[in-house]
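> Please read through the structure below; I'll follow up with questions.
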Amino acid sequence: MAIEKLLLLGCGNMGGAMLAGWLAAGVPPTRFAILSKSLDAAPEGVELYRDVPADSDHDAVLLGFKPHQLGELSQAYAALTGSGVAIYSMLAGITLVQLQDAYPDADAHVRVMPNLAVRIGKSPVILSETGLDQSERDFASEFFDLLGSAVWLDDEDKFDLVTALAGSGPGFVYRFIDAMAGAATELGLEPEQAAKLSQQMVEGAALLASQSDVNPHELANRVASPGGMTREGLNVLDADSALQNLLVKTLKATADRGAELAKTAEK
């Protein structure tokens, strides 16, 4: 199970971004195939099936449909997920046990949670598995490292929380960028200028944080001189831990939704 040929069952926004990331990293398109009735076209060199193929030489499949479709599609895809095949699932909230129940004949089952930055090779990719030996885990690490950084989570109970942070997190960052620009606009800047400055500021700050030898908390302190402008703004964000409390609620709501999706798939 070295993922010599990966069959994508569905290829929406995330699946398409992952495929684009692998191709950009130099993986030959002949190592991929897509099964999708709705996709207009596949990237050059990638085989596109409209119906379940009678024969396929894939050794891994990537589940890219909606979580609530698991029960419906488990039988439809049974012929593609048998012995000699590893299941990789992007289905939010769906547990390893549920994957094993849906596709009992597969050799291994792996949960995968990336974010859209896989397209540019800058996403953490969270992985949790059952059925892989160490050499197969190592190969999977190398394969998903091409999209950013593969991170194995051996405590599956934390998968929804990690998904909330690393998978859904970009959505929250985009909201922050938009809110910063909106606040500056409300205070007098032109909208286009505020948006451009907000985006560039976050890009530079994130890049510096990733290359710095100190943590973001200390970086913030280094920006903020005692009694200066930045410190005055941080005092607002830090008051009563308002920002952290808001994010605790945000991550909890996101993680809790994962458990709800798992229950929906069981109905």
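Each chain of the structure tokens is named A, B, ... in the order shown, its residues numbered from 1; ligands are numbered from 1 in display order.
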Which residues of segment 88-194 of chain A sit at most 9 Å from segment 10-17 of chain A, using only C-alpha atoms? Give each one's shortest atom pair and distance in Å (one decimal place), in chain and ascending residue order, as a Markdown table.

```
| residue | atom | partner | partner_atom | distance |
| --- | --- | --- | --- | --- |
| A:Met90 | CA | A:Gly15 | CA | 8.6 |
| A:Pro114 | CA | A:Met14 | CA | 8.0 |
| A:Asn115 | CA | A:Met14 | CA | 7.3 |
| A:Leu116 | CA | A:Met14 | CA | 6.1 |
| A:Ala117 | CA | A:Ala17 | CA | 7.8 |
| A:Val118 | CA | A:Ala17 | CA | 6.1 |
| A:Arg119 | CA | A:Ala17 | CA | 4.7 |
| A:Ile120 | CA | A:Ala17 | CA | 8.5 |
```
> Write out as an MDAnalysis selection string all residues of segment 46-202 of chain A that backbone DSSP assigns to strand (DSSP E or B).
chainID A and resid 47:49 60:63 86:89 108:113 123:130 148:152
> Write out as a tab-separated table (two decimals) with C-alpha atoms, in the first residue's frame the residues lying within 12 Å of Ala76 of chain A, counting only C-alpha atoms and excluding same-chain residues fewer than 2 positions away.

```tsv
chain	number	residue	atom	x	y	z
A	9	LEU	CA	-14.01	9.34	-5.15
A	35	LEU	CA	-14.54	9.15	-10.20
A	51	ASP	CA	-19.22	5.60	-13.47
A	52	VAL	CA	-17.64	2.92	-11.28
A	53	PRO	CA	-14.96	1.39	-13.52
A	69	GLN	CA	-23.40	10.04	2.05
A	70	LEU	CA	-21.17	7.42	3.69
A	71	GLY	CA	-23.91	4.84	4.19
A	72	GLU	CA	-25.40	5.44	0.76
A	73	LEU	CA	-22.09	5.14	-1.09
A	74	SER	CA	-20.48	2.34	0.89
A	78	ALA	CA	-17.64	-1.67	-2.43
A	79	ALA	CA	-15.94	-3.05	-5.55
A	80	LEU	CA	-13.34	-0.25	-5.39
A	81	THR	CA	-12.50	-0.60	-1.72
A	102	ALA	CA	-18.54	1.01	5.77
A	103	TYR	CA	-15.57	-0.59	3.97
```
> Considering only C-alpha atoms, return as a ChimeraX atom specification whatever protein or nucleic-acid residues lie within 6 Å of segment 121-134 of chain A, sequence-local ones (same chain, fewer than 4 positions apart) excluded.
/A:21,108-115,117,147-153
> Since we have the selection now, will you write its residues out, keeping N, CA and C atoms, as a PDB file, in the first residue's frame?

```pdb
ATOM      1  N   GLY A  21      -2.044  20.261  -5.672  1.00  0.00           N
ATOM      2  CA  GLY A  21      -0.820  20.328  -4.886  1.00  0.00           C
ATOM      3  C   GLY A  21       0.144  19.210  -5.228  1.00  0.00           C
ATOM      4  N   ALA A 108      -6.604  -1.051   5.020  1.00  0.00           N
ATOM      5  CA  ALA A 108      -6.298  -0.007   6.003  1.00  0.00           C
ATOM      6  C   ALA A 108      -7.290   1.128   5.852  1.00  0.00           C
ATOM      7  N   HIS A 109      -7.461   1.877   6.937  1.00  0.00           N
ATOM      8  CA  HIS A 109      -8.381   3.020   6.957  1.00  0.00           C
ATOM      9  C   HIS A 109      -7.653   4.197   7.589  1.00  0.00           C
ATOM     10  N   VAL A 110      -7.688   5.343   6.916  1.00  0.00           N
ATOM     11  CA  VAL A 110      -6.926   6.509   7.359  1.00  0.00           C
ATOM     12  C   VAL A 110      -7.798   7.757   7.267  1.00  0.00           C
ATOM     13  N   ARG A 111      -7.878   8.490   8.368  1.00  0.00           N
ATOM     14  CA  ARG A 111      -8.534   9.804   8.339  1.00  0.00           C
ATOM     15  C   ARG A 111      -7.506  10.854   7.917  1.00  0.00           C
ATOM     16  N   VAL A 112      -7.939  11.771   7.071  1.00  0.00           N
ATOM     17  CA  VAL A 112      -7.056  12.803   6.528  1.00  0.00           C
ATOM     18  C   VAL A 112      -7.756  14.151   6.671  1.00  0.00           C
ATOM     19  N   MET A 113      -7.071  15.145   7.232  1.00  0.00           N
ATOM     20  CA  MET A 113      -7.658  16.474   7.309  1.00  0.00           C
ATOM     21  C   MET A 113      -6.634  17.533   6.906  1.00  0.00           C
ATOM     22  N   PRO A 114      -6.755  18.037   5.674  1.00  0.00           N
ATOM     23  CA  PRO A 114      -5.903  19.129   5.216  1.00  0.00           C
ATOM     24  C   PRO A 114      -6.673  20.454   5.282  1.00  0.00           C
ATOM     25  N   ASN A 115      -6.077  21.514   4.780  1.00  0.00           N
ATOM     26  CA  ASN A 115      -6.844  22.715   4.468  1.00  0.00           C
ATOM     27  C   ASN A 115      -6.483  23.157   3.060  1.00  0.00           C
ATOM     28  N   ALA A 117      -4.709  25.242   1.740  1.00  0.00           N
ATOM     29  CA  ALA A 117      -3.330  25.603   1.417  1.00  0.00           C
ATOM     30  C   ALA A 117      -2.541  24.426   0.853  1.00  0.00           C
ATOM     31  N   LEU A 147       2.189  18.112   0.342  1.00  0.00           N
ATOM     32  CA  LEU A 147       1.141  19.128   0.434  1.00  0.00           C
ATOM     33  C   LEU A 147       1.399  20.118   1.564  1.00  0.00           C
ATOM     34  N   GLY A 148       2.475  19.929   2.295  1.00  0.00           N
ATOM     35  CA  GLY A 148       2.795  20.804   3.422  1.00  0.00           C
ATOM     36  C   GLY A 148       3.558  20.045   4.477  1.00  0.00           C
ATOM     37  N   SER A 149       2.824  19.575   5.493  1.00  0.00           N
ATOM     38  CA  SER A 149       3.461  18.829   6.583  1.00  0.00           C
ATOM     39  C   SER A 149       2.481  17.807   7.140  1.00  0.00           C
ATOM     40  N   ALA A 150       2.824  16.523   6.993  1.00  0.00           N
ATOM     41  CA  ALA A 150       1.978  15.461   7.532  1.00  0.00           C
ATOM     42  C   ALA A 150       2.177  15.353   9.041  1.00  0.00           C
ATOM     43  N   VAL A 151       1.073  15.275   9.782  1.00  0.00           N
ATOM     44  CA  VAL A 151       1.120  15.189  11.246  1.00  0.00           C
ATOM     45  C   VAL A 151       0.240  14.020  11.681  1.00  0.00           C
ATOM     46  N   TRP A 152       0.847  13.010  12.317  1.00  0.00           N
ATOM     47  CA  TRP A 152       0.083  11.851  12.785  1.00  0.00           C
ATOM     48  C   TRP A 152      -0.520  12.137  14.153  1.00  0.00           C
ATOM     49  N   LEU A 153      -1.796  11.854  14.274  1.00  0.00           N
ATOM     50  CA  LEU A 153      -2.514  12.027  15.535  1.00  0.00           C
ATOM     51  C   LEU A 153      -2.931  10.640  16.014  1.00  0.00           C
TER      52      LEU A 153
END
```
> Do a neighbour search on segment 58-61 of chain A at 6 Å with only C-alpha atoms, toss out local chain neighbours closer than 2 positions, and write the hits as a short mmCIF file (atom, residue, chain, number, x, y, z; two decimals) with N, CA and C atoms, in the first residue's frame.

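As a result, out.cif now contains:
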```cif
data_model
loop_
_atom_site.label_atom_id
_atom_site.label_comp_id
_atom_site.auth_asym_id
_atom_site.auth_seq_id
_atom_site.Cartn_x
_atom_site.Cartn_y
_atom_site.Cartn_z
N ILE A 3 0.53 3.74 -2.18
CA ILE A 3 -0.19 4.80 -2.90
C ILE A 3 0.47 5.01 -4.27
N LYS A 5 -1.17 4.32 -7.03
CA LYS A 5 -2.27 4.87 -7.85
C LYS A 5 -3.42 5.23 -6.91
N LEU A 6 -3.77 6.51 -6.88
CA LEU A 6 -4.81 7.02 -5.98
C LEU A 6 -6.06 7.35 -6.78
N LEU A 7 -7.17 6.77 -6.37
CA LEU A 7 -8.46 7.05 -7.00
C LEU A 7 -9.25 8.00 -6.09
N LEU A 8 -9.59 9.18 -6.59
CA LEU A 8 -10.37 10.15 -5.83
C LEU A 8 -11.84 9.90 -6.09
N SER A 56 -9.72 -1.32 -12.32
CA SER A 56 -8.86 -0.18 -12.01
C SER A 56 -7.64 -0.70 -11.26
N VAL A 85 -6.45 -2.48 -0.97
CA VAL A 85 -6.72 -1.05 -1.08
C VAL A 85 -6.73 -0.41 0.30
N ALA A 86 -6.14 0.77 0.40
CA ALA A 86 -6.21 1.57 1.62
C ALA A 86 -7.21 2.70 1.42
N ILE A 87 -8.04 2.93 2.43
CA ILE A 87 -9.04 3.98 2.39
C ILE A 87 -8.48 5.23 3.08
N TYR A 88 -8.48 6.33 2.36
CA TYR A 88 -8.13 7.62 2.95
C TYR A 88 -9.38 8.50 2.90
#
```
> Give me the residues near segment 93-99 of chain A as a list in words, where near means some atom within 6 Å (using only C-alpha atoms) and where sequence neighbours in that chain fewer than 5 positions away do not count.
Gly258, Ala259, Leu261 and Ala262 of chain A
> Could the residues in this selection be saved with N, CA and C atoms as a compact mmCIF listing (two decimals), in the first residue's frame?

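File part.txt, as written:
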```txt
# COMPACT_ATOMS: atom_id res chain seq x y z
N GLY A 258 -18.33 18.18 14.33
CA GLY A 258 -17.78 16.92 13.85
C GLY A 258 -18.52 15.73 14.43
N ALA A 259 -18.79 15.77 15.72
CA ALA A 259 -19.53 14.69 16.38
C ALA A 259 -20.95 14.59 15.83
N LEU A 261 -21.87 15.42 12.77
CA LEU A 261 -21.78 14.85 11.42
C LEU A 261 -21.64 13.33 11.49
N ALA A 262 -20.89 12.83 12.47
CA ALA A 262 -20.73 11.39 12.63
C ALA A 262 -22.06 10.73 12.93
```
> Write out as a PyMOL selection string the residues lying within 9 Å of Pro28 of chain A, counting only C-alpha atoms and excluding same-chain residues fewer than 6 positions away.
chain A and resi 22+45-46
> For Asp160 of chain A, which residue out of A:Leu91, A:Val223, A:Val173, A:Met201 is the nearest one, using only C-alpha atoms?
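Of the candidates, the smallest distance to Asp160 of chain A is held by A:Leu91.
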> Could you give me, as a list in words, each residue of segment 92-125 of chain A that DSSP assigns to alpha helix (DSSP H) when run on this structure's backbone?
Leu96, Val97, Gln98, Leu99, Gln100, Asp101 and Ala102 of chain A
> Rounded to one decimal in Å, what is the spacing between atom CA of Leu39 of chain A and atom CA of Leu19 of chain A?
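Rounded to one decimal, the two atoms are 13.4 Å apart.
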> Given the choices A:Gln211, A:Leu251, A:Lys263, A:Gln200, which gets closest to Gly171 of chain A if the distance is worked out from only C-alpha atoms?
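Going through A:Gln211, A:Leu251, A:Lys263, A:Gln200 one by one, the smallest distance to Gly171 of chain A is for A:Leu251.
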> Mind giving me the straight-line distance from atom CA of Arg31 of chain A to atom CA of Ser135 of chain A in Å, one decimal?
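Taking atom CA of Arg31 of chain A and atom CA of Ser135 of chain A, their separation equals 19.8 Å.
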> Between atom CA of Asp107 of chain A and atom CA of Ala2 of chain A, what is the spacing in Å?
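So the answer is 12.1 Å.
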